[in-house]
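Everything below belongs to model_4.txt, which stores compact mmCIF, C-alpha atoms.
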# COMPACT_ATOMS: atom_id res chain seq x y z
CA MET A 30 -87.14 78.19 56.05
CA LYS A 31 -84.89 80.50 58.04
CA TYR A 32 -82.14 80.17 55.40
CA PHE A 33 -84.65 80.70 52.65
CA LEU A 34 -85.77 83.99 54.20
CA ILE A 35 -82.18 85.17 54.74
CA THR A 36 -81.29 84.25 51.15
CA ALA A 37 -84.35 86.01 49.78
CA ALA A 38 -83.53 89.13 51.81
CA LEU A 39 -79.96 89.09 50.53
CA LEU A 40 -80.93 88.64 46.92
CA LEU A 41 -83.48 91.40 47.29
CA SER A 42 -80.98 93.77 48.85
CA THR A 43 -78.33 93.11 46.18
CA GLY A 44 -81.05 93.63 43.58
CA LEU A 45 -82.07 96.91 45.13
CA PHE A 46 -78.66 98.45 45.29
CA THR A 47 -77.34 97.03 42.06
CA GLN A 48 -73.69 98.12 42.71
CA ALA A 49 -70.48 96.44 44.02
CA GLN A 50 -66.74 96.20 43.91
CA GLU A 51 -64.12 93.51 43.81
CA LEU A 52 -62.33 93.75 47.14
CA TYR A 53 -63.98 90.54 48.25
CA VAL A 54 -64.05 89.63 51.91
CA PHE A 55 -63.93 85.81 51.74
CA THR A 56 -62.03 85.38 48.44
CA GLU A 57 -59.41 87.29 46.44
CA PRO A 58 -60.08 88.97 43.06
CA ALA A 59 -57.99 88.41 39.92
CA SER A 60 -56.80 92.01 40.13
CA ASN A 61 -53.65 92.78 42.07
CA MET A 62 -52.61 95.61 44.31
CA ALA A 63 -50.77 98.44 42.57
CA ALA A 64 -47.13 97.57 41.88
CA LYS A 65 -44.57 98.23 44.62
CA SER A 66 -47.23 98.65 47.31
CA ILE A 67 -47.61 97.14 50.76
CA GLY A 68 -50.84 96.19 52.47
CA VAL A 69 -51.22 95.18 56.10
CA ARG A 70 -54.27 93.30 57.35
CA VAL A 71 -55.53 92.03 60.65
CA THR A 72 -58.46 89.61 60.49
CA ASN A 73 -60.38 88.13 63.37
CA GLU A 74 -62.61 85.11 62.81
CA GLY A 75 -65.22 84.20 65.38
CA ILE A 76 -66.07 80.53 64.96
CA PHE A 77 -69.19 79.05 66.57
CA LYS A 78 -68.73 75.31 67.09
CA GLY A 79 -70.07 74.22 70.43
CA ASN A 80 -68.46 77.13 72.20
CA LYS A 81 -67.11 80.25 70.51
CA MET A 82 -63.52 80.17 69.26
CA ASN A 83 -61.33 82.92 67.88
CA ARG A 84 -58.67 82.99 65.21
CA THR A 85 -56.52 86.04 64.51
CA ILE A 86 -54.73 86.38 61.19
CA PRO A 87 -52.09 89.08 60.78
CA GLU A 88 -51.18 89.43 57.10
CA VAL A 89 -48.73 91.37 54.95
CA MET A 90 -49.29 91.82 51.22
CA LEU A 91 -46.55 92.83 48.79
CA SER A 92 -46.86 93.59 45.08
CA PHE A 93 -43.63 93.24 43.16
CA ASN A 94 -44.91 94.38 39.80
CA LYS A 95 -48.25 94.84 38.08
CA ASN A 96 -48.76 91.09 37.67
CA LEU A 97 -47.27 89.39 40.71
CA MET A 98 -48.20 89.79 44.35
CA THR A 99 -47.91 87.77 47.52
CA HIS A 100 -49.60 87.49 50.92
CA VAL A 101 -47.85 86.22 54.05
CA GLN A 102 -50.13 85.21 56.92
CA GLY A 103 -49.77 84.04 60.47
CA PHE A 104 -52.50 82.13 62.33
CA PHE A 105 -53.21 82.46 66.05
CA SER A 106 -56.17 80.79 67.77
CA ASP A 107 -57.62 79.33 70.94
CA MET A 108 -59.20 76.45 69.04
CA ASP A 109 -57.17 73.79 70.85
CA GLY A 110 -57.30 75.36 74.27
CA LYS A 111 -54.77 78.07 74.90
CA TYR A 112 -54.46 80.96 72.45
CA ARG A 113 -51.28 80.25 70.46
CA LEU A 114 -49.49 80.56 67.15
CA GLU A 115 -50.72 77.60 65.13
CA GLY A 116 -49.21 78.18 61.70
CA GLY A 117 -48.59 80.36 58.68
CA SER A 118 -49.20 80.60 54.97
CA ILE A 119 -47.66 82.07 51.83
CA TYR A 120 -49.94 82.91 48.92
CA ALA A 121 -48.87 84.20 45.51
CA LYS A 122 -51.03 85.39 42.65
CA TYR A 123 -50.02 86.02 39.05
CA ARG A 124 -52.33 88.02 36.80
CA PHE A 125 -52.02 86.62 33.29
CA MET A 126 -54.90 88.34 31.55
CA SER A 127 -56.15 91.92 31.69
CA VAL A 128 -58.66 93.48 29.29
CA ASP A 129 -59.60 97.02 30.23
CA GLY A 130 -62.43 99.22 28.99
CA THR A 131 -63.99 102.42 30.27
CA GLN A 132 -65.08 101.64 33.83
CA ARG A 133 -64.88 97.93 33.20
CA HIS A 134 -62.29 95.22 33.12
CA LEU A 135 -61.85 91.48 32.82
CA ARG A 136 -58.92 89.89 34.61
CA ALA A 137 -57.71 86.35 35.13
CA ALA A 138 -55.04 85.16 37.54
CA ALA A 139 -53.45 81.94 38.74
CA PHE A 140 -52.64 81.51 42.42
CA GLY A 141 -50.89 79.12 44.71
CA ARG A 142 -50.64 78.70 48.47
CA LEU A 143 -48.36 76.83 50.85
CA SER A 144 -49.60 76.49 54.43
CA THR A 145 -48.52 75.00 57.67
CA SER A 146 -50.53 74.35 60.83
CA LYS A 147 -49.86 72.62 64.13
CA ARG A 148 -53.52 71.76 64.59
CA PRO A 149 -54.67 68.14 64.76
CA VAL A 150 -56.75 67.09 61.74
CA TYR A 151 -60.37 66.76 62.86
CA THR A 152 -62.24 67.00 59.58
CA GLU A 153 -62.01 66.38 55.85
CA ASP A 154 -62.84 70.08 55.31
CA ILE A 155 -59.38 71.36 54.38
CA ASN A 156 -58.84 74.96 55.46
CA LEU A 157 -55.38 76.17 54.51
CA GLU A 158 -55.93 79.38 56.45
CA GLY A 159 -55.25 77.93 59.87
CA ASP A 160 -56.52 74.36 60.16
CA ASN A 161 -54.32 72.38 57.77
CA SER A 162 -50.85 72.10 56.37
CA GLY A 163 -50.97 71.76 52.61
CA ILE A 164 -50.86 73.33 49.19
CA GLN A 165 -53.43 74.95 46.95
CA GLY A 166 -53.46 75.97 43.30
CA GLY A 167 -56.23 77.65 41.36
CA ILE A 168 -57.59 80.13 38.86
CA VAL A 169 -59.67 83.24 39.47
CA VAL A 170 -61.54 85.32 36.89
CA THR A 171 -63.00 88.73 37.76
CA GLN A 172 -65.27 90.94 35.67
CA LEU A 173 -65.89 94.51 36.72
CA LEU A 174 -68.88 96.29 35.16
CA HIS A 175 -68.88 99.83 36.51
CA LYS A 176 -70.18 99.46 40.07
CA LEU A 177 -70.79 95.70 39.94
CA ALA A 178 -67.96 93.20 40.20
CA LEU A 179 -68.35 89.45 39.64
CA SER A 180 -65.71 86.84 40.32
CA GLY A 181 -65.32 83.10 40.12
CA THR A 182 -62.62 80.88 41.63
CA VAL A 183 -61.74 77.20 41.26
CA ALA A 184 -58.91 75.62 43.23
CA TYR A 185 -57.43 72.27 44.10
CA ASN A 186 -56.41 71.78 47.74
CA LYS A 187 -54.06 69.08 48.99
CA ALA A 188 -53.47 68.63 52.71
CA PHE A 189 -50.33 67.17 54.19
CA VAL A 190 -51.65 64.84 56.87
CA SER A 191 -49.00 63.44 59.15
CA ASP A 192 -50.00 60.39 61.16
CA SER A 193 -49.17 62.09 64.45
CA ARG A 194 -51.93 64.66 63.91
CA LYS A 195 -54.63 62.22 62.86
CA ILE A 196 -57.52 61.86 65.28
CA PRO A 197 -58.61 58.19 65.49
CA GLY A 198 -62.09 57.50 64.17
CA MET A 199 -62.28 60.72 62.16
CA LEU A 200 -62.86 60.60 58.44
CA GLN A 201 -59.56 61.49 56.83
CA ALA A 202 -59.25 63.07 53.44
CA ASP A 203 -56.35 64.89 51.95
CA GLN A 204 -57.77 66.63 48.91
CA LEU A 205 -60.62 68.98 48.07
CA ILE A 206 -61.88 71.00 45.15
CA SER A 207 -62.97 74.46 46.26
CA TYR A 208 -64.97 76.93 44.22
CA SER A 209 -66.68 80.25 44.75
CA LEU A 210 -68.85 82.83 43.06
CA SER A 211 -68.62 86.35 44.40
CA SER A 212 -70.46 89.57 43.68
CA GLY A 213 -69.85 93.03 45.01
CA TYR A 214 -71.52 96.37 44.52
CA LEU A 215 -70.36 99.93 45.18
CA VAL A 216 -73.23 101.58 47.04
CA LEU A 217 -71.61 104.84 48.13
CA PRO A 218 -70.53 107.32 46.99
CA VAL A 219 -73.06 107.68 44.19
CA VAL A 220 -70.89 110.45 42.71
CA TYR A 221 -67.19 110.79 43.53
CA LYS A 222 -65.96 114.18 44.68
CA ASN A 223 -62.64 113.39 46.35
CA TYR A 224 -60.53 110.63 47.90
CA ASN A 225 -61.76 111.34 51.41
CA GLN A 226 -65.33 110.29 50.78
CA PRO A 227 -65.92 106.93 52.46
CA ASN A 228 -66.83 104.12 50.06
CA PHE A 229 -69.44 101.60 51.08
CA ASN A 230 -69.57 98.22 49.33
CA VAL A 231 -71.87 95.24 49.81
CA TYR A 232 -70.87 91.68 48.96
CA PHE A 233 -72.54 88.37 48.51
CA GLU A 234 -70.38 85.30 48.05
CA MET A 235 -71.13 81.60 47.61
CA LEU A 236 -68.33 79.32 48.81
CA GLY A 237 -68.28 75.61 48.11
CA LYS A 238 -66.03 72.60 48.56
CA THR A 239 -66.23 69.04 47.27
CA ASN A 240 -64.19 66.02 48.25
CA PRO A 241 -63.49 64.25 44.94
CA GLU A 242 -62.96 60.91 46.73
CA ASN A 243 -66.38 60.57 48.33
CA GLY A 244 -68.46 63.38 46.82
CA HIS A 245 -69.00 65.11 50.18
CA THR A 246 -69.95 68.71 49.40
CA TYR A 247 -71.06 71.83 51.14
CA VAL A 248 -72.04 75.33 50.04
CA ASP A 249 -71.89 78.38 52.29
CA PHE A 250 -73.42 81.79 51.76
CA ALA A 251 -71.30 84.69 52.87
CA PRO A 252 -72.71 88.22 52.91
CA ALA A 253 -70.43 91.09 53.89
CA VAL A 254 -70.25 94.85 54.11
CA GLN A 255 -67.16 96.99 53.64
CA THR A 256 -66.16 100.57 54.08
CA ILE A 257 -63.07 102.23 52.60
CA ILE A 258 -61.79 105.32 54.34
CA ASN A 259 -59.52 107.91 52.71
CA SER A 260 -59.16 105.54 49.75
CA ARG A 261 -56.52 103.70 51.78
CA THR A 262 -58.01 101.93 54.79
CA ARG A 263 -60.48 99.12 54.43
CA ILE A 264 -62.80 97.68 57.08
CA ASP A 265 -64.70 94.40 56.38
CA LEU A 266 -67.47 92.74 58.31
CA GLY A 267 -68.80 89.40 57.05
CA TYR A 268 -70.65 86.28 58.07
CA ARG A 269 -70.65 82.83 56.48
CA PHE A 270 -73.10 80.02 57.09
CA GLN A 271 -73.77 76.64 55.53
CA VAL A 272 -76.85 76.39 53.30
CA ALA A 273 -76.43 73.02 51.61
CA GLY A 274 -74.53 69.78 52.13
CA ASP A 275 -72.12 69.18 54.95
CA MET A 276 -68.79 67.73 55.93
CA PRO A 277 -68.60 66.18 59.38
CA GLY A 278 -66.71 68.20 61.93
CA ARG A 279 -66.13 71.30 59.84
CA TYR A 280 -65.09 74.42 61.72
CA ASN A 281 -66.14 77.42 59.67
CA ARG A 282 -69.75 76.47 58.95
CA ASN A 283 -70.85 79.30 61.19
CA MET A 284 -68.37 82.11 61.34
CA TYR A 285 -68.12 85.87 61.42
CA LEU A 286 -65.13 87.83 60.21
CA ILE A 287 -63.92 91.31 60.95
CA ARG A 288 -60.90 92.79 59.20
CA ALA A 289 -58.92 96.00 58.96
CA GLU A 290 -56.56 96.64 56.05
CA PHE A 291 -54.10 99.48 55.55
CA ASN A 292 -52.50 100.24 52.18
CA PHE A 293 -49.22 101.99 51.48
CA PHE A 294 -49.01 102.70 47.77
CA ASN A 295 -45.79 102.80 45.77
CA VAL A 296 -43.48 102.43 48.78
CA LEU A 297 -41.27 99.55 47.57
CA LYS A 298 -38.24 100.41 45.51
CA MET B 20 -12.38 142.67 23.26
CA LYS B 21 -13.67 142.35 26.82
CA THR B 22 -17.12 143.39 25.67
CA LEU B 23 -16.96 140.83 22.94
CA SER B 24 -16.07 138.02 25.36
CA TYR B 25 -18.96 139.02 27.66
CA PHE B 26 -21.20 138.98 24.64
CA ILE B 27 -20.01 135.49 23.70
CA ILE B 28 -20.50 134.20 27.25
CA LEU B 29 -23.93 135.81 27.48
CA SER B 30 -25.07 134.39 24.17
CA ALA B 31 -23.72 130.96 25.15
CA ILE B 32 -25.83 131.10 28.34
CA LEU B 33 -28.87 132.23 26.41
CA ILE B 34 -28.48 129.53 23.80
CA SER B 35 -27.95 126.76 26.33
CA SER B 36 -30.86 127.91 28.48
CA THR B 37 -33.21 127.96 25.51
CA SER B 38 -32.00 124.65 24.11
CA PHE B 39 -34.56 122.93 26.33
CA ALA B 40 -37.97 124.56 26.42
CA GLN B 41 -40.69 122.39 27.88
CA GLN B 42 -42.77 121.44 24.97
CA ILE B 43 -45.41 119.23 26.51
CA THR B 44 -47.12 121.42 29.07
CA LYS B 45 -50.15 119.37 30.06
CA ALA B 46 -51.71 115.98 29.49
CA GLU B 47 -55.14 114.58 30.14
CA VAL B 48 -54.96 110.86 30.78
CA GLN B 49 -58.10 108.79 30.82
CA VAL B 50 -57.46 105.51 32.62
CA ASN B 51 -59.38 102.37 31.72
CA GLY B 52 -60.46 99.64 34.09
CA LEU B 53 -60.87 101.94 37.11
CA THR B 54 -63.93 102.50 39.23
CA CYS B 55 -62.93 102.64 42.88
CA SER B 56 -61.29 105.54 44.63
CA MET B 57 -58.64 103.24 46.15
CA CYS B 58 -57.61 102.25 42.61
CA SER B 59 -57.54 105.92 41.57
CA ARG B 60 -55.43 106.83 44.55
CA ALA B 61 -52.97 104.03 43.75
CA THR B 62 -52.76 105.28 40.14
CA GLU B 63 -52.22 108.86 41.24
CA THR B 64 -49.47 107.85 43.69
CA SER B 65 -47.77 105.83 40.96
CA LEU B 66 -47.88 108.80 38.53
CA LYS B 67 -46.60 111.24 41.14
CA SER B 68 -43.41 109.18 41.52
CA LEU B 69 -42.29 110.48 38.10
CA GLY B 70 -39.81 113.34 38.54
CA PHE B 71 -41.07 115.39 35.61
CA ILE B 72 -44.66 115.54 36.86
CA ASP B 73 -45.49 118.71 38.74
CA SER B 74 -49.07 117.92 39.76
CA VAL B 75 -51.83 115.36 39.23
CA THR B 76 -55.45 116.46 39.38
CA PRO B 77 -57.96 113.59 39.30
CA ASP B 78 -61.51 113.65 38.04
CA LEU B 79 -62.75 110.57 39.89
CA ASN B 80 -66.02 110.23 38.00
CA ARG B 81 -64.50 110.30 34.53
CA ASN B 82 -61.31 108.44 35.62
CA VAL B 83 -59.27 111.25 34.11
CA PHE B 84 -56.00 112.56 35.55
CA VAL B 85 -54.83 115.99 34.44
CA LEU B 86 -51.02 116.08 34.56
CA ALA B 87 -49.02 119.28 34.77
CA PHE B 88 -45.30 119.02 33.99
CA LYS B 89 -42.23 120.69 35.42
CA LYS B 90 -40.81 123.35 33.13
CA ASP B 91 -37.20 122.21 33.19
CA GLN B 92 -37.49 118.46 32.66
CA PRO B 93 -38.27 116.46 29.55
CA VAL B 94 -41.56 114.54 29.60
CA ASP B 95 -41.36 110.83 28.86
CA MET B 96 -44.79 109.66 27.77
CA ASP B 97 -43.72 106.00 27.84
CA GLN B 98 -43.03 106.32 31.57
CA ILE B 99 -46.55 107.70 32.10
CA ARG B 100 -47.91 104.61 30.35
CA ASP B 101 -45.72 102.33 32.51
CA LYS B 102 -46.86 103.95 35.77
CA VAL B 103 -50.54 103.56 34.88
CA GLN B 104 -49.88 99.91 34.05
CA ASP B 105 -47.96 99.44 37.31
CA ALA B 106 -51.07 100.50 39.19
CA GLY B 107 -52.89 97.66 37.39
CA PHE B 108 -54.74 99.67 34.77
CA SER B 109 -54.24 101.00 31.24
CA ILE B 110 -54.50 104.25 29.33
CA GLY B 111 -57.69 104.68 27.29
CA ASP B 112 -56.82 108.14 26.00
CA LEU B 113 -53.88 110.51 26.39
CA SER B 114 -54.27 114.02 25.02
CA ALA B 115 -51.18 116.19 25.38
CA THR B 116 -50.96 119.94 24.99
CA MET B 117 -47.75 120.59 23.09
CA ASN B 118 -46.18 123.98 22.62
CA PHE B 119 -44.57 124.13 19.21
CA SER B 120 -42.39 126.96 17.98
CA ASN B 121 -42.28 127.01 14.19
CA THR B 122 -41.93 123.25 14.00
CA THR B 123 -42.06 121.84 10.50
CA VAL B 124 -44.16 118.80 9.71
CA ASP B 125 -42.66 117.32 6.57
CA ALA B 126 -44.43 115.79 3.57
CA GLU B 127 -44.50 112.41 5.35
CA GLY B 128 -46.15 113.93 8.42
CA ILE B 129 -42.99 113.68 10.54
CA ALA B 130 -41.87 116.42 12.90
CA LYS B 131 -38.92 116.59 15.29
CA ALA B 132 -38.99 118.68 18.42
CA ASP B 133 -36.96 118.55 21.62
CA GLY B 134 -35.42 115.22 20.76
CA ASN B 135 -38.78 113.53 20.15
CA VAL B 136 -39.96 112.30 16.79
CA TYR B 137 -43.65 112.65 16.03
CA GLN B 138 -45.55 111.06 13.19
CA PHE B 139 -48.78 112.93 12.56
CA THR B 140 -51.56 110.87 11.04
CA ASN B 141 -53.63 113.83 9.92
CA ALA B 142 -51.14 116.65 9.20
CA LYS B 143 -48.35 117.02 6.67
CA SER B 144 -46.35 119.77 4.95
CA LYS B 145 -47.23 122.44 7.46
CA THR B 146 -45.71 124.48 10.25
CA LEU B 147 -46.95 124.18 13.80
CA ASP B 148 -46.67 127.15 16.09
CA GLY B 149 -48.10 127.62 19.55
CA PRO B 150 -50.09 125.18 21.67
CA VAL B 151 -51.58 122.16 19.91
CA THR B 152 -53.61 119.40 21.57
CA ALA B 153 -52.57 116.03 20.22
CA LYS B 154 -53.92 112.56 20.98
CA VAL B 155 -51.29 109.84 21.25
CA LEU B 156 -52.32 106.84 19.14
CA ASP B 157 -49.54 104.37 20.00
CA LYS B 158 -50.06 100.93 21.51
CA ASP B 159 -51.14 101.07 25.18
CA PHE B 160 -52.04 104.75 24.84
CA ILE B 161 -55.46 103.83 23.43
CA SER B 162 -57.63 100.78 24.04
CA ALA B 163 -56.46 97.48 22.52
CA ALA B 164 -59.48 97.46 20.19
CA ALA B 165 -58.83 101.03 19.00
CA PHE B 166 -55.16 100.19 18.40
CA LYS B 167 -56.08 97.17 16.32
CA LYS B 168 -58.42 99.26 14.20
CA ARG B 169 -55.80 101.99 13.67
CA ALA B 170 -53.12 99.43 12.81
CA ALA B 171 -55.37 98.02 10.08
CA GLU B 172 -55.94 101.54 8.71
CA LEU B 173 -52.35 102.76 8.86
CA LYS B 174 -50.59 99.54 7.72
CA SER B 175 -47.32 100.93 9.07
CA PRO B 176 -44.58 98.83 10.72
CA ALA B 177 -43.51 101.90 12.72
CA TYR B 178 -47.01 102.14 14.17
CA LEU B 179 -47.01 98.52 15.27
CA THR B 180 -43.69 98.80 17.09
CA GLY B 181 -43.65 102.53 17.91
CA LYS B 182 -40.16 102.63 16.45
CA GLY B 183 -38.62 103.48 13.14
CA VAL B 184 -35.34 104.46 11.53
CA VAL B 185 -34.85 108.22 11.57
CA GLY B 186 -31.56 109.63 10.27
CA GLY B 187 -30.04 106.12 10.19
CA LYS B 188 -30.89 105.40 13.84
CA GLU B 189 -33.68 103.38 15.40
CA THR B 190 -35.84 105.94 17.17
CA ARG B 191 -39.03 106.01 19.26
CA ILE B 192 -41.78 107.53 17.11
CA PHE B 193 -44.96 108.79 18.74
CA HIS B 194 -47.99 108.73 16.49
CA LEU B 195 -50.20 111.76 17.00
CA SER B 196 -53.55 112.95 15.78
CA ILE B 197 -54.36 116.67 16.05
Structure translated into structure tokens:
Amino acid sequence: MKYFLITAALLLSTGLFTQAQELYVFTEPASNMAAKSIGVRVTNEGIFKGNKMNRTIPEVMLSFNKNLMTHVQGFFSDMDGKYRLEGGSIYAKYRFMSVDGTQRHLRAAAFGRLSTSKRPVYTEDINLEGDNSGIQGGIVVTQLLHKLALSGTVAYNKAFVSDSRKIPGMLQADQLISYSLSSGYLVLPVVYKNYNQPNFNVYFEMLGKTNPENGHTYVDFAPAVQTIINSRTRIDLGYRFQVAGDMPGRYNRNMYLIRAEFNFFNVLK
Amino acid sequence: MKTLSYFIILSAILISSTSFAQQITKAEVQVNGLTCSMCSRATETSLKSLGFIDSVTPDLNRNVFVLAFKKDQPVDMDQIRDKVQDAGFSIGDLSATMNFSNTTVDAEGIAKADGNVYQFTNAKSKTLDGPVTAKVLDKDFISAAAFKKRAAELKSPAYLTGKGVVGGKETRIFHLSI
């Protein structure tokens, strides 16, 4: 009932402001950063599982040309006791389709990720942003329609599970299909005057994973708000929670996220 | 004799200094696929990296950038297209203000000015003088759908490639409508 009310409120609010953008908080769009630009992000995840745990993700994004960009991330957390560096990840995205119109576009991109993590494997819920070592490959399609942006992602995730990190008695799985549907709406400014006007975007994302071996599935809802300052600095605040299905022992079923991102356009030679 | 040599030197200076007169003075570029100010800012920064651009004035609501050019440097419209694409977007419309001085458009609609070759789609056998606003019709200067439609109308290999043989040499040809 509680989830139903939250969902209804979210749907109502997205219906009321019918505007959004594609700088999604929990997923990436098919569009890339401008060529030869650098972005720097710091993300903090607050995970509620028994007690509260924190993960910090510093991240650097580089765009080599209009079609190819990469993210390099580090993962720090106190999830296994002391706050420590637990791993890192490299993500690359190649935009292979781009159809532009006036204030609209359709883009498609392929992406891949290679991750490492020192964490023991507690759950079949593969999370390549901190919890697991592994690889990921997928496709993302994003449609922008003026102030509304819609995006869908499908990916295959394969974890590298070494015997030394297995926890006895835990259900082990080394592959997952992940998928998401994301929507975003530009709420403010209603009319642009200059670059210094703050932008305000609202997002609603649905994030799901399925284990193809046993059919275990979950779906999370993830609302978020975002402000963009000086057309360069981005601040995200989001929350994700499980609404359907489950996977035993999963970490991010109840998680908030706060992020700051700084962009430096056209600085690479 | 001395006077004559001064005269020769002076005329040589005058001739060389007038051999390049900025012909494209202004361009209005409408960029497709944009809606957020961060994307506009990235596009503007990308355009500003071109040495021949003097200033970029954005109209954020119409996604139009008004470009002013430096007087002493040639404008390369292909580089403008590349910079917009680098930012992740594409040109929907580019209208350039060109300053012609008694430039002849021949019977085929071709004109040469400042080292550029222009193929006019709607002007032939006339002389252009003074400022003229021309829309560039080449690929990636208009939407993909508009280009396809034009290509079917014009049925010209030079339009499809943006290149043709002029004076025995393969040359970039800009297709313009005025």
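Here the question is which of A:Pro252, A:Gly166, A:Gly130, A:Gly68 gets nearest to chain B using all atoms listed in the file, and that residue is A:Gly130.
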Task: Nearest-residue call for chain A, choices B:Val48, B:Ala163, B:Ile43, B:Ala106, using only C-alpha atoms - done: B:Ala106
Task: Neighbour list for B:Leu179 as a ChimeraX atom specification, cut-off 12 Å, only C-alpha atoms, skip fewer than 2 positions in-chain - done: /B:156-159,163,166-177,181-183,191-194
Name the residues in contact with A:Phe93 at a cut-off of 12 Å, using all atoms listed in the file, excluding same-chain residues fewer than 4 positions from it; report them as a CSV table (one decimal) with C-alpha atoms, in the coordinates of the input.
chain,number,residue,atom,x,y,z
A,61,ASN,CA,-53.6,92.8,42.1
A,62,MET,CA,-52.6,95.6,44.3
A,63,ALA,CA,-50.8,98.4,42.6
A,64,ALA,CA,-47.1,97.6,41.9
A,65,LYS,CA,-44.6,98.2,44.6
A,66,SER,CA,-47.2,98.6,47.3
A,67,ILE,CA,-47.6,97.1,50.8
A,97,LEU,CA,-47.3,89.4,40.7
A,98,MET,CA,-48.2,89.8,44.4
A,99,THR,CA,-47.9,87.8,47.5
A,100,HIS,CA,-49.6,87.5,50.9
A,121,ALA,CA,-48.9,84.2,45.5
A,122,LYS,CA,-51.0,85.4,42.6
A,123,TYR,CA,-50.0,86.0,39.0
A,124,ARG,CA,-52.3,88.0,36.8
A,294,PHE,CA,-49.0,102.7,47.8
A,295,ASN,CA,-45.8,102.8,45.8
A,296,VAL,CA,-43.5,102.4,48.8
A,297,LEU,CA,-41.3,99.6,47.6
A,298,LYS,CA,-38.2,100.4,45.5
B,105,ASP,CA,-48.0,99.4,37.3
B,106,ALA,CA,-51.1,100.5,39.2
B,107,GLY,CA,-52.9,97.7,37.4
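For the set A:Ile287, A:Ile258, A:Met108, A:Val220, the residue with the smallest atom-to-atom gap to B:Arg81 is A:Val220, counting all atoms listed in the file.
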Show me, as a PDB file with C-alpha atoms, in the coordinates of the input, the residues of chain B whose atoms get within 12 Å of chain A, using all atoms listed in the file for the distance check.
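result-v7.pdb, written as the output of this step:
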ATOM      1  CA  GLN B  49     -58.100 108.790  30.820  1.00  0.00           C
ATOM      2  CA  VAL B  50     -57.460 105.510  32.620  1.00  0.00           C
ATOM      3  CA  ASN B  51     -59.380 102.370  31.720  1.00  0.00           C
ATOM      4  CA  GLY B  52     -60.460  99.640  34.090  1.00  0.00           C
ATOM      5  CA  LEU B  53     -60.870 101.940  37.110  1.00  0.00           C
ATOM      6  CA  THR B  54     -63.930 102.500  39.230  1.00  0.00           C
ATOM      7  CA  CYS B  55     -62.930 102.640  42.880  1.00  0.00           C
ATOM      8  CA  SER B  56     -61.290 105.540  44.630  1.00  0.00           C
ATOM      9  CA  MET B  57     -58.640 103.240  46.150  1.00  0.00           C
ATOM     10  CA  CYS B  58     -57.610 102.250  42.610  1.00  0.00           C
ATOM     11  CA  SER B  59     -57.540 105.920  41.570  1.00  0.00           C
ATOM     12  CA  ARG B  60     -55.430 106.830  44.550  1.00  0.00           C
ATOM     13  CA  ALA B  61     -52.970 104.030  43.750  1.00  0.00           C
ATOM     14  CA  THR B  62     -52.760 105.280  40.140  1.00  0.00           C
ATOM     15  CA  GLU B  63     -52.220 108.860  41.240  1.00  0.00           C
ATOM     16  CA  THR B  64     -49.470 107.850  43.690  1.00  0.00           C
ATOM     17  CA  SER B  65     -47.770 105.830  40.960  1.00  0.00           C
ATOM     18  CA  LEU B  66     -47.880 108.800  38.530  1.00  0.00           C
ATOM     19  CA  LYS B  67     -46.600 111.240  41.140  1.00  0.00           C
ATOM     20  CA  SER B  68     -43.410 109.180  41.520  1.00  0.00           C
ATOM     21  CA  LEU B  69     -42.290 110.480  38.100  1.00  0.00           C
ATOM     22  CA  THR B  76     -55.450 116.460  39.380  1.00  0.00           C
ATOM     23  CA  PRO B  77     -57.960 113.590  39.300  1.00  0.00           C
ATOM     24  CA  ASP B  78     -61.510 113.650  38.040  1.00  0.00           C
ATOM     25  CA  LEU B  79     -62.750 110.570  39.890  1.00  0.00           C
ATOM     26  CA  ASN B  80     -66.020 110.230  38.000  1.00  0.00           C
ATOM     27  CA  ARG B  81     -64.500 110.300  34.530  1.00  0.00           C
ATOM     28  CA  ASN B  82     -61.310 108.440  35.620  1.00  0.00           C
ATOM     29  CA  VAL B  83     -59.270 111.250  34.110  1.00  0.00           C
ATOM     30  CA  ASP B 101     -45.720 102.330  32.510  1.00  0.00           C
ATOM     31  CA  LYS B 102     -46.860 103.950  35.770  1.00  0.00           C
ATOM     32  CA  VAL B 103     -50.540 103.560  34.880  1.00  0.00           C
ATOM     33  CA  GLN B 104     -49.880  99.910  34.050  1.00  0.00           C
ATOM     34  CA  ASP B 105     -47.960  99.440  37.310  1.00  0.00           C
ATOM     35  CA  ALA B 106     -51.070 100.500  39.190  1.00  0.00           C
ATOM     36  CA  GLY B 107     -52.890  97.660  37.390  1.00  0.00           C
ATOM     37  CA  PHE B 108     -54.740  99.670  34.770  1.00  0.00           C
ATOM     38  CA  SER B 109     -54.240 101.000  31.240  1.00  0.00           C
ATOM     39  CA  ILE B 110     -54.500 104.250  29.330  1.00  0.00           C
ATOM     40  CA  GLY B 111     -57.690 104.680  27.290  1.00  0.00           C
ATOM     41  CA  ASP B 112     -56.820 108.140  26.000  1.00  0.00           C
ATOM     42  CA  ASP B 159     -51.140 101.070  25.180  1.00  0.00           C
ATOM     43  CA  ILE B 161     -55.460 103.830  23.430  1.00  0.00           C
ATOM     44  CA  SER B 162     -57.630 100.780  24.040  1.00  0.00           C
ATOM     45  CA  ALA B 163     -56.460  97.480  22.520  1.00  0.00           C
ATOM     46  CA  ALA B 164     -59.480  97.460  20.190  1.00  0.00           C
ATOM     47  CA  ALA B 165     -58.830 101.030  19.000  1.00  0.00           C
TER      48      ALA B 165
END
- [ ] Using only C-alpha atoms, collect all residues at a distance of at most 12 Å from (-66.1, 63.3, 46.7) as written in the file, then present them as a VMD selection string.
- [x] chain A and resid 153 to 154 202 to 207 238 to 247 274 to 276
